[in-house]
Each structure stands twice: as C-alpha cells, then as structure tokens.
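Below is one structure, written out as structure tokens; comments come after it.
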2 protein chains.
Amino acid sequence: MKKKIRIQDEFWSKYRELVRKEMIPYQWKVLNDEIDIHIERERNDDSIPNEKSHAIENFRIAAGLKEGHHYGWVFQDSDVYKWLEAVAYSLNEYMDEELKSLADSVVDLIAAAQEEDGYLGTYFTIEEPERKLKRLNESHELYCAGHFMEAAVAYYEAVGNKTVLETACKLADYIARNFGEEKIHGYDGHEEIEIGLAKLYRVTGKKEYLDLGKYFLEIRGTNPEFFSNQNKEDGKAPLISGLDKFPQSYYQNHMPLLQQETAEGHAVRLVYMCTAMADIAALTKDEKMLNACKKIWRNIVDKRMYITGGIGSTVIGESFTLDYDLPNDTMYCETCASVGLIFFAKRLLENEFVGEYGDVMERALYNTALAGMALDGKHFFYVNPLEVVPEKGKKDPTKSHVKSVRPEWLGCACCPPNLARLLASLEKYVYIQKDSTILANLFMNCDGQFEVEGNTISIKQETNYPWNKRIQFKVDCEEKTEFTLGIRIPNWADSYFIQVNGEIYDTDDKQGIAYVSKEFCNDVIEILFDMKVEIWDAHTSVRNNIDKVAVSRGPIVYCLEEVDNGENLHLLSLDKNTEFTYQFREDLLGGVGVINAKGCERPATSLSNSNLYQKHKAQIETKERELMLIPYFAWGNRGENEMQVWIRQER
Amino acid sequence: MKKKIRIQDEFWSKYRELVRKEMIPYQWKVLNDEIDIHIERERNDDSIPNEKSHAIENFRIAAGLKEGHHYGWVFQDSDVYKWLEAVAYSLNEYMDEELKSLADSVVDLIAAAQEEDGYLGTYFTIEEPERKLKRLNESHELYCAGHFMEAAVAYYEAVGNKTVLETACKLADYIARNFGEEKIHGYDGHEEIEIGLAKLYRVTGKKEYLDLGKYFLEIRGTNPEFFSNQNKEDGKAPLISGLDKFPQSYYQNHMPLLQQETAEGHAVRLVYMCTAMADIAALTKDEKMLNACKKIWRNIVDKRMYITGGIGSTVIGESFTLDYDLPNDTMYCETCASVGLIFFAKRLLENEFVGEYGDVMERALYNTALAGMALDGKHFFYVNPLEVVPEKGKKDPTKSHVKSVRPEWLGCACCPPNLARLLASLEKYVYIQKDSTILANLFMNCDGQFEVEGNTISIKQETNYPWNKRIQFKVDCEEKTEFTLGIRIPNWADSYFIQVNGEIYDTDDKQGIAYVSKEFCNDVIEILFDMKVEIWDAHTSVRNNIDKVAVSRGPIVYCLEEVDNGENLHLLSLDKNTEFTYQFREDLLGGVGVINAKGCERPATSLSNSNLYQKHKAQIETKERELMLIPYFAWGNRGENEMQVWIRQER
C-alpha cells in the first residue's frame, strides 16, 4: 500500500478548489478556443490583439480528423499535456466522472495524433515533417514529449488509463531509437524530457527510459556546437525568432553539465534540468551527478534567489545573471521557475532529509508560486517583481514585462497550467517517507496513510499554518509500530517546542529536522514553532538592498501596497524600534494575516520646488506613521498600485 | 567684423589639441579603413569581429571612381561630414595647409558623388536608387543631408571653399523640390536636416531653406501614420532591422510637434529636433514654436536629466522614459545626446539671456560630454552610467551596454565625431553677443574680439576655471564704448563678488546673469564665485536616489572610483558631518581637482556567513574612513573598476 494523503485545509483547499472548479474548466475552454486569449506583448506600444490557443484543434488536424494548419507556438501541445496532468491530480482528490470521460477522450485524441512510428508533435506532423528533430534548440519536441510523459504517468496512476501509458511508451521508444552516439547525439534546448523519462521508468520499470534520461543529462554541454551545427544543417528559417541572440548558457549548453557549478541561463530550463539530475542521480546512485546538482543548488540558494523564492534576475532570456545580482524591479522571477525550484527541492529532499530543501520549497511555494495566481484563480502573473511602480511598467521599456495586475491567460501559457499541476498535486509534497522514517515537510490539515513494516499508520495533521505556529500530528497505528516521525524545523523558527502526548519531548534537530522516534500507537505529537514577525537583511553583496529590510512571519514574506499605505512607498521606512502587531483579517483578501508597524515618512520635495537637484538638506523631518503589510502572495488583487518588499529602515 | 574668439586654456586646450592632433587624424584613418574598428556588440556572448568603416570608399564608388558595393550603416556618410565639420573648426583655430588640402579633396569627392539632380547619399546611389526617399523612418537621407549642410557651412566659413557650399545648396534644392504638400508630405525619422537648413540659410540668405526647415518641423507628428504608410508602400525589407518595434514617439512622431510637452523617444533625435525648433523659431520670430521647445526644455531639465547632464533613461530605443525615472546603472545617457542638449541650450541662450540655459550647457559639457572621451583622445564612451560594477555589464544582459572602460571607435561612430565638432568649435559657446550686450557664458582663458557700434572691443578672459573661482575680464576698447558685459552666475554659486578696476561693483543678477554696464575703455572686471564643495539631493520622486547625495565643486560633478576607494562602493557612505578637502592634483589623470571627505564603511557580510538572507542586525558598526572623489569626466581612465556618482549618506 502506498502512502495516501488527503488535504482538507482552510488555506490550501481554496486554492485547490480554484484549480478544480475554475482553472481546469477555464483552461479547457482556452484549449478549445472558446475563450479569446488576451495577448500581452513585451512592448506596450502596439495594439494588443486577441489570439486563440488552437491547441486541441492542432491535435485534431494532426490526427487527420480535421483539415487545417497548426497554429500557435511550436510547443503549443504542452498546454494540453499540462492540463491533462492537472486533471489527473484533481481526479485523484475528487473523482469527477464527467471530467474523467473528457480526459479519456483527450487521451484518445493524442493517441490518434501520434504517428505510426511513435512520433508525437502536432507542429511537425502537420507543417514540416521533414524537419523533425532537426532543430532541437527551438523545436521543443522532447520538451513536449517530457510533459506528455508526466501527464501520462499521472493520468495512468489516477484512473488506470492504459492508452495514455502505451502512447507515452511508444513515444519514448521512438525517441530512444533516434537518439544516441551513432544516431542524433544531442538533446532538447529546453530540458523536461529527462523528468518525464524518469517518471515513466518508475511506472513501467523499463530501464532503457532511465538510461535515456541519464544519457541526455550526461552529454548536455559536451558539444556546445551541437545546436548551431544542427541549425546550419537545417538551413531554414528559425522556428522561434530571436533565440539566436542568446548565448549557449541560455540552454545550459555552455560546458559539460557535470562541470557546471553556477545557475546559468533560462531559469525554468535550469531548474527542470536540476530536477532531473537529482531524480536520476538518486535512481542510479550517481554521486557525481548528485553532487553536480547540489553545487548548482548551493549557488541558487546562497547567491541567486530572491527572498520570495523567485529566480531569474533578468527578462532578457528570462535568465540568471550573476551572484548577488537581485534587482527588485527589473527581474523576471517567473512563476514557472519557482514551481521548477519546488520540483528540484522535492527531489533533493526525497534523496536526503535536509531541512533546507523543504525551507526553500516552502519559501517558493507560499510566496512566488502562490503570487502567480490571482485570488479569483483566473488571472496570472508570469513575472513576479519585488517592487512595482505601475507607471514605470507602462513607460519604461526595460520594465515593460512587469505588470502590476495579473493579466488573463496569456499566449504562451506556461505558468498557469504549471501552477495548476503543482497545486493539484500538493499532497505529494507534504510527507516524504524513507523506510521507517516519515518526514512531515509541509504543514497543513490533512489525513495521511503510510505503511511501515507492513502496518498501516494514519497521521492526521491539524494546524492553522501558515498563520498559526501550532501543529498537531495525531498518529493512529493499526498495530503498535516502531517508527520515526521527522518534522522539518523551518529556518525562520528560532526555537520550537515538542510535546508527545502532553509531555515535553527533548530532541535536537539534525540538519533542520527534529525526529521523534518511538513505538507509536495512538499518539499526539504537537510542535510549536517560534513564529513571530521577523525582519531580514540581505547579504551585503546584494547592492540594491543595502539599508533595506524585508518582513516575514512564518513562511510568508510581507510587502507594502499602495492601497494600504498611500503612494510613494519609497518614501516610507520602518522605524528601527518598531514593534509589530499581527492580526488575522477575515475580511481582507479572502482572509490573510496582516502586520502593522511603526514607520516614518520622508517628506516629498514640495510641489512648489521644481528643481530636480537641490542643495542637500541635512535636517529632514520625517513624519511618524503606521505601516500596514500584507502577504506578498496576495498583492496586486486590488487594482493597479505600487508594491514593495524591501523597505528602507531608518538607521 | 564678426566676433572672434581664441581659446588658450590649460583645461580646454589639451582637449582641443587632442581633437586636432589625435582624433581628426585617427578618424581620417578609420574613414579610410586604415584602422580596424573594434565592434562592440550589445550582447557580450558573440565573438567580436573587427569591421571597417568604408565611408570614403562608399563615396568613391558612388562617384564612379571605383567599382564595388556600399558597406556599413545606411547613415555611414554622416561620419565623413562630421569629420569635415570638425576639420573646419580646427582650421579656424589653426590653419594646417596639409589638412586643408586633404579636406578640399574630400569636398571634391563628395561633389563627385552627388547626382545630377542634386541627390547625395552613397547607399541609395550605389545600391537601391529606386528606393530613394521611400523609407524615411530608417533611411537617414535627410539626416545625412543635414550633417553635410552643417559641415559645408563650417568649411565654407573656415576656408571659403565654394564647391562645398554649392554642393550643399544643390542638395537643399533637390530636397526642396521633392518635399511639400503636393509632393512627399513627410520628414526624416532622425531630425537634423532642420539644423542644417537653418545654417545654410544663415550663410546664403536663401529664405526657401529656412522655410523648408520650418515646414519639416511644423508637419512633424501631424500624420503619425506617415512612416508606416511609406514602409507599406515600399513593401521591401527594412533598411535597419528592429526599428519597427519602437513606438512612433521614438521618432517624436506620436503627435503634432507643437503639441508635444514632454521629451519622448530617442534622446539624440529629440534634442536635435529641439535645437532646430529653437533656432528656426528665433529666425522666424515664431513664438508658438519657441514656447513649444521651451516646454520640452522644462520637462528635460526639471524631470528627465541626470545630474551629469546626461539624458536618455533607457537603452531600449536610447530613449527618454518617464518623469523622474533616472536609474543610475541601466540608463543610456549617450554622449551624443548631451552634445545635442548643448546645441539646444546654445540656441535658447542666443535667443534669450537666461542663465539656466548656460548652466545646463555647462553641466552637460563638463560632465557627460567630456566623459565621452578618454584622456588619450582615442577611446570613447557612448553610454555614460552614473554607477558601474564592471562584472554586471558583462554578465547581466540588461546592463550589457554599460562599459566600464572606454572602447575604441565603434561601428556606429556617432559620438566621437560629434564630440570632436563640439570641442573644436567651443569658442562659439563662450560669449554670446546681442547688440551692445556681451554675455560671458563659459569661463576659460581666451581672447575675444567684438564689435559694438562700430568699435572693436577686445576682452581677455583670465582664469583657472573650472578649478578656481576667480575670473578676470580685461577689456580693451579701440575707443571708449558704452556697452554691457553680462556674466552668467552658475546655479551652484550661492554668491559672487564683482570688482571693476579694483572697486566693488554692486549689481543684482537678472535671470542668473549679472550685468556690468558702463563706458568701457581699458578696464578689468573681476568676478569671484562662491566655489566650494557642494552636496546635492535629488528630487524625492527620483526613487533610486533616496538617501543618497551627489558631490560637486563648481561645474564638476564628482564620483567615487574603486581604484581610489576599494571595491564595494555601495558599502561606503558620506559622513553627515564631514568636511571636504579640495586639492588640485597635478599628478593625477592629467591634472584634476580631487575631493577628500570623511566617510563610513559598512562591514560586508562575513565570508563565513553564506546566508543570502539573515535576521536583521540592528547594530552595525560602521568603520570611519577617508573617501576620495574624482571628477566624473575623468572616470574609467585607470582600468576596469567600480564607479558611483550618487553616494549613500548616513542620516
């Protein structure tokens, strides 16, 4: 019997219901062109046309059921796969027969669009069959295949649909036949296939899939000329214009992967690659590969990650830049990249119980990932700034990617379905079991069932996390069982306090995890974290955060919003002696904890003084005032306004 | 008799000699492909090839003296014209017969490349004669024509060469025949022709040239579709790729020029346009046009200009962005744009004696314009940042345009020759005479000769400006003459003190100018400015300069450089009670005044602490230390290093 977790949590269930009730049906309509997609351009100057997805129609055409042309991005298929994956997880939680039969029909359609030899990819099947696999830096063919494999495994596990698994295996076999030393000795520009192959291996046990995934990783970057050689050979127009301006590091193709020590290039690609590395390293007990991805992890976490768990410091190539380069207003911090960082953290944590992996996961989850979605579940941020002045996004082209209100589903629909599949499968992130140790990694109300040495163990988690510091684990064993309950101690908690059945339980945590080992039967384990408002300094090498602090409480990073604090947030500062008042506000933003603090307001240059530069005034009379902070994830839900995470502090 | 100024100044003569002895000969070699041009790319990832100019060769081919193809930018011709203009000014100051005969031969070559009907433009003559004047947003045909007219007038005035003036008139006549209501009812994407036509009018007295210039200005933006309609009609591939992504404001074509109230779009284009507006408005006594350009002036000076006189807040489109948006590390601040701002200020000042026009001119001249050139006269900044961390320019693509050391002559060679023609004609900016008032606008050692009511007046200016506050004007009149000497009181001077022949002279300044009116004969007027080290606040709406100050002395803005202060300049701050020590250092950077101050250094996060985010430390022990500031214009002459103009100040 496998572990089985059911989430019934006030904080998370509303998001998961939004996924089930709003996002999945909405996405289905988009995929079927029943909703016009509002395309947001990088430049604000052009008129903004509406566009369609055409994704399901592409499959119909590829399957020969319809006449017509492919429309949309070359990777448009992946939208359908991500939708299917989210549906699978959703059915896991709540079996909806109508949705299942809809998904079954999509599986049949995908299978029908697959070619005889196993090739699956509507763009090339319909438009340019002669260019299959010939332009891998742009084609996203293996990227789409990887997403399909993930979806197939999820859907097979959810409902037992065999067609989907067979289609995925047929595709994997096709890829295996075409790639290798004597064949196409290369890889996709966008990593993802490696994750899919590892999942397919887990379900089918077919080692060739694991080997193929490992092969793709091991040869990556060993021939940085691979893509340009392919493109030269192809000789035709690019499939995606503009990619040629990026360096090979954009694809993590600048040096052999196992030698890469820093997070470079397109952030989503990088974390997908690392996810696969951690997974396949664990499956193949490859220490070298594991150490390689842990080096990149260290680089991200120690030098290239925003306090919100966002990654990708520049819009150009949606990429990492350099150590400690974390601008708050021009960054990219794509929602997808944080979702990918969560995938990466999960694989590392599954391999080794180190609290930090869960800490980073929690940081990315409660902040950037969650910020990706509006409270209505229908509007999404791709870009997650830490500082916004709406007018700048409109008039300064270097910030034109920075929106201050979540747009609807966009033309390149990577983030919303990625978020959907994460939220719908959240139960997979709560506990991680290794032999007779069960690690409680995330905290939310849920019922879990585990098997330890043949015995079934139920653990009911009760908490008001993330707003409350208390978590109870009610353990109920079929028979008395010796096992260990690990509890991750979040890095923000200065101390914690464990009681077992009402008795104080002393334990030292090991690598950020506290362990309770005993013969369990019916027991109540309670942990209290020292959850208070915290203020944070950034490393002094983060130049733009000097003299500024960030505020958090528990896993939640807070921010100032104009609607609560007035305009010109840059003139506000935290009083250095402020106390903080925390209050849960049922009435605000669907129910969130807010923080009040004493602040100072610097007077603005008077309107009568039009001088851009004035002789320095040594004495400035700042005005005392109250500041109100809201959770970062909830910003941008009350119209266009300024927002700021890093706040000046009076010294 | 016209006024005649001869500069013999320790500060300026070295730059002017660099222009004469280094830049002009060097540029000549470049134009003739005797020097490989080192092309700097916007992206750092590509291999950097060497390229040639081919500009003279293009003329030979267009003239039928050689076979071959046009090479280089579509506006490559303008490099030759700007060189010729600089040569003209240089010959004005120092007649070099060899250089003159070389320039004469270039004039002959240009005339030979001109077509029968007056058309002049090597790209279209050689490559695509059928597309002449059909793609004006990109073609730069009138832009090049304007530069030729400026050069022609300068060269004619310097040496009396008639061919050059005839060629320019023939070209102007060609343009007049082709543009107008019933003809091509439009304008060039890059303003400049209007400046050229006004100069040509001044020399020839032909009113049709002035009318044509005015026409171009008056219809600008009245039909924002003009360019896109032309391009549609042309239907062929763009001449310059990528321009289509910019909005019409890039060309100041978004609304009728006379209604524009803010500085929008490409900064160089904008200031060239404003220069022409101010000039033609004065020549035609057009109050409406004068007020329109003064509105734009106010917007630049009050809201969109860096303290260094730099303009253009973003690299994207090398453009203005929005009010008070003045980022220090991603801006463009092109050297050419500040040169253009100086042109604009001069026209306004010629029209109306307002000190502010001279103040801004001085700011741009001593800071951004001068910073454009290395002390060796052979390396040039196009982009003039106010804050540089060299590694960021290399690894963060949003800052890849920001160099920390001046490169050699670049492929698009706008800035160096623009700087050359400004420096070589600097005498035109020193005094401005209107009837019997002579305004001393810039301060440097020079001999001036003026005519007032038929009498010749010599004024010898003696000073060690910009390092010293004392300026003497030794006036020597042929005959006793009643006139007024105006002296601009720079905006940084809190007070000033005038003596006439050793006697205190009390006068109130009017709009930033002090006037000494008397019957002059042999007189010594001495002025002392209150020249001390000043610290400046930016307007509080400049978000990134909150809590920071800039330091200046006289017209010179200062900066911190790593070579003097160590790395991590962002950790340094000015002590709020610091006194400043100013010292002229003969041994440094060719002789500059340096400023020492008391500062504080914030400790860097210790190397042993690898955490990117740490719980806030309320107490930070800053370390007292000395800071050394050098003039901004001299930065980047001692190898790659950090630089910073706006400095934190401990509160």
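Simple scheme: letters A, B, ... for chains in structure tokens order, numbers from 1 for residues in each chain, numbers from 1 for ligands in the order shown.
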
Do you know which residues are at most 9 Å from A:Leu629 counting only C-alpha atoms, after dropping those on the same chain fewer than 6 positions away, and could you put them as an NGL selection string?
:A and (551 or 558-561 or 564-565 or 594-597)

Residues of chain A within 6 Å of chain B, counting only C-alpha atoms, what are they? List them as a PDB file with C-alpha atoms, in the first residue's frame.
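Final file, result32.pdb:
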ATOM      1  CA  ASP A  45       3.193  50.377 -27.718  1.00  0.00           C
ATOM      2  CA  PRO A 247      24.449  32.514 -25.557  1.00  0.00           C
ATOM      3  CA  ASP A 302      23.245  31.185  -1.449  1.00  0.00           C
ATOM      4  CA  THR A 321      22.729  36.744 -14.282  1.00  0.00           C
ATOM      5  CA  LYS A 395       6.530  53.835 -19.852  1.00  0.00           C
ATOM      6  CA  ASP A 396       9.964  52.401 -19.202  1.00  0.00           C
ATOM      7  CA  ILE A 535      12.916  41.322   9.754  1.00  0.00           C
ATOM      8  CA  TRP A 536      15.647  40.303   7.371  1.00  0.00           C
ATOM      9  CA  ASP A 537      18.784  41.813   5.942  1.00  0.00           C
ATOM     10  CA  ALA A 538      20.062  40.711   2.595  1.00  0.00           C
ATOM     11  CA  HIS A 539      23.669  39.747   2.168  1.00  0.00           C
ATOM     12  CA  THR A 540      25.622  42.986   1.756  1.00  0.00           C
ATOM     13  CA  ALA A 604       8.368  64.642  -0.625  1.00  0.00           C
ATOM     14  CA  THR A 605      10.040  67.548  -2.342  1.00  0.00           C
ATOM     15  CA  ASN A 611      14.340  71.751  -9.039  1.00  0.00           C
ATOM     16  CA  LEU A 612      15.468  68.276  -9.929  1.00  0.00           C
ATOM     17  CA  TYR A 613      18.632  68.748  -7.848  1.00  0.00           C
ATOM     18  CA  GLN A 614      18.784  70.801  -4.700  1.00  0.00           C
ATOM     19  CA  LYS A 615      21.465  71.615  -2.234  1.00  0.00           C
ATOM     20  CA  HIS A 616      21.478  68.969   0.438  1.00  0.00           C
TER      21      HIS A 616
END

Could you name the residues that touch stretch 336-343 of chain B at 10 Å or less, counting only C-alpha atoms, but leaving out those on the same chain fewer than 3 positions away, as a PyMOL selection string?
chain B and resi 195+266-276+278-279+297+300+305+308-312+318-319+332-333+346-349+357-358+360-365+367-370+372+381-384+414-419+421-423+429

Preceding selection exported with C-alpha atoms as a short mmCIF file (atom, residue, chain, number, x, y, z; two decimals), in the first residue's frame:
data_model
loop_
_atom_site.label_atom_id
_atom_site.label_comp_id
_atom_site.auth_asym_id
_atom_site.auth_seq_id
_atom_site.Cartn_x
_atom_site.Cartn_y
_atom_site.Cartn_z
CA ILE B 195 19.54 72.34 -38.23
CA HIS B 266 15.25 58.65 -28.89
CA ALA B 267 17.14 61.28 -26.93
CA VAL B 268 19.52 62.41 -29.66
CA ARG B 269 16.66 62.85 -32.12
CA LEU B 270 14.69 64.81 -29.55
CA VAL B 271 17.45 67.30 -28.78
CA TYR B 272 18.34 67.75 -32.44
CA MET B 273 14.69 68.49 -33.08
CA CYS B 274 14.59 70.98 -30.21
CA THR B 275 17.79 72.65 -31.39
CA ALA B 276 16.19 73.26 -34.76
CA ALA B 278 14.74 77.00 -31.01
CA ASP B 279 16.85 78.17 -33.93
CA TRP B 297 13.24 72.05 -22.21
CA ILE B 300 14.02 67.69 -19.56
CA MET B 305 18.04 64.95 -16.81
CA THR B 308 25.75 64.91 -15.04
CA GLY B 309 23.70 66.46 -17.84
CA GLY B 310 23.07 63.01 -19.28
CA ILE B 311 19.71 62.25 -20.90
CA GLY B 312 18.02 59.05 -22.05
CA GLU B 318 18.16 55.02 -26.43
CA SER B 319 15.19 56.89 -25.13
CA TYR B 332 21.76 55.24 -21.71
CA CYS B 333 22.95 58.85 -21.35
CA LYS B 346 23.01 77.42 -27.07
CA ARG B 347 20.10 78.24 -29.38
CA LEU B 348 17.89 79.12 -26.42
CA LEU B 349 20.58 81.27 -24.87
CA TYR B 357 20.47 77.70 -20.43
CA GLY B 358 24.15 78.22 -19.81
CA VAL B 360 22.66 73.19 -18.28
CA MET B 361 25.12 73.61 -21.12
CA GLU B 362 27.96 73.77 -18.60
CA ARG B 363 26.62 70.74 -16.73
CA ALA B 364 26.44 68.65 -19.88
CA LEU B 365 29.77 69.93 -21.21
CA ASN B 367 30.43 66.11 -17.19
CA THR B 368 28.76 63.79 -19.70
CA ALA B 369 30.21 65.27 -22.90
CA LEU B 370 33.72 65.33 -21.53
CA GLY B 372 32.64 60.63 -23.53
CA PHE B 381 32.02 56.17 -24.16
CA TYR B 382 28.71 56.16 -25.96
CA VAL B 383 26.91 55.29 -22.75
CA ASN B 384 27.61 57.30 -19.61
CA CYS B 414 28.14 58.89 -33.91
CA CYS B 415 29.63 60.02 -30.63
CA PRO B 416 33.35 60.58 -31.25
CA PRO B 417 32.94 62.87 -34.28
CA ASN B 418 30.09 64.68 -32.57
CA LEU B 419 32.36 65.35 -29.63
CA ARG B 421 33.00 69.02 -33.69
CA LEU B 422 31.77 70.34 -30.35
CA LEU B 423 35.23 70.67 -28.81
CA TYR B 429 29.89 78.81 -26.85
#

So which residues touch B:Thr463 within 8 Å, counting only C-alpha atoms, skipping near sequence neighbours fewer than 6 positions away, as number ranges by chain?
B: 443-445, 469-472

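For B:Ser101, the set of protein, DNA and RNA residues having any atom at most 12 Å away, when counting only C-alpha atoms and skipping those fewer than 3 positions along the same chain, is Leu84, Val87, Ala88, Leu91, Met95, Asp96, Glu97, Glu98, Asp104, Ser105, Val106, Val107, Asp108, Tyr155, Val159 and Asn161 of chain B.
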
Neighbours of stretch 636-641 of chain B within 8 Å (only C-alpha atoms; same-chain residues fewer than 3 positions away dropped), as JSON, numbers by chain?
{"B": [374, 375, 388, 389, 390, 404, 405, 406, 561, 562, 563, 589]}

d(atom CA of A:Met289, atom CA of A:Glu138) in Å
25.9 Å

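The interatomic distance for the pair atom CA of B:Glu453 and atom CA of B:Asp523 works out to 18.3 Å.
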
Write out as a ChimeraX atom specification which residues come within 9 Å of A:Asp376 when counting only C-alpha atoms, dropping same-chain ones fewer than 3 positions away.
/A:18,22,373,379,637

Writing out the chosen residues with C-alpha atoms as a PDB file, in the first residue's frame:
ATOM      1  CA  LEU A  18      -9.955  27.057  -7.602  1.00  0.00           C
ATOM      2  CA  GLU A  22     -12.070  27.351 -12.095  1.00  0.00           C
ATOM      3  CA  MET A 373      -2.331  33.321  -9.264  1.00  0.00           C
ATOM      4  CA  HIS A 379      -5.569  35.810 -13.634  1.00  0.00           C
ATOM      5  CA  ASN A 637      -5.505  41.873  -6.152  1.00  0.00           C
TER       6      ASN A 637
END

Hey, what does DSSP flag as strand (DSSP E or B) within stretch 20-154 of chain B? Can you give it to me as a PyMOL selection string?
chain B and resi 37-38+50-51

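Take atom CA of A:Ser517 and atom CA of A:Glu350: the distance between them is 19.4 Å.
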
What are the DSSP alpha helix (DSSP H) residues of stretch 144-363 of chain B, as a ChimeraX atom specification?
/B:144-159,162-178,193-204,207-219,226-234,267-284,287-303,335-351,355-363
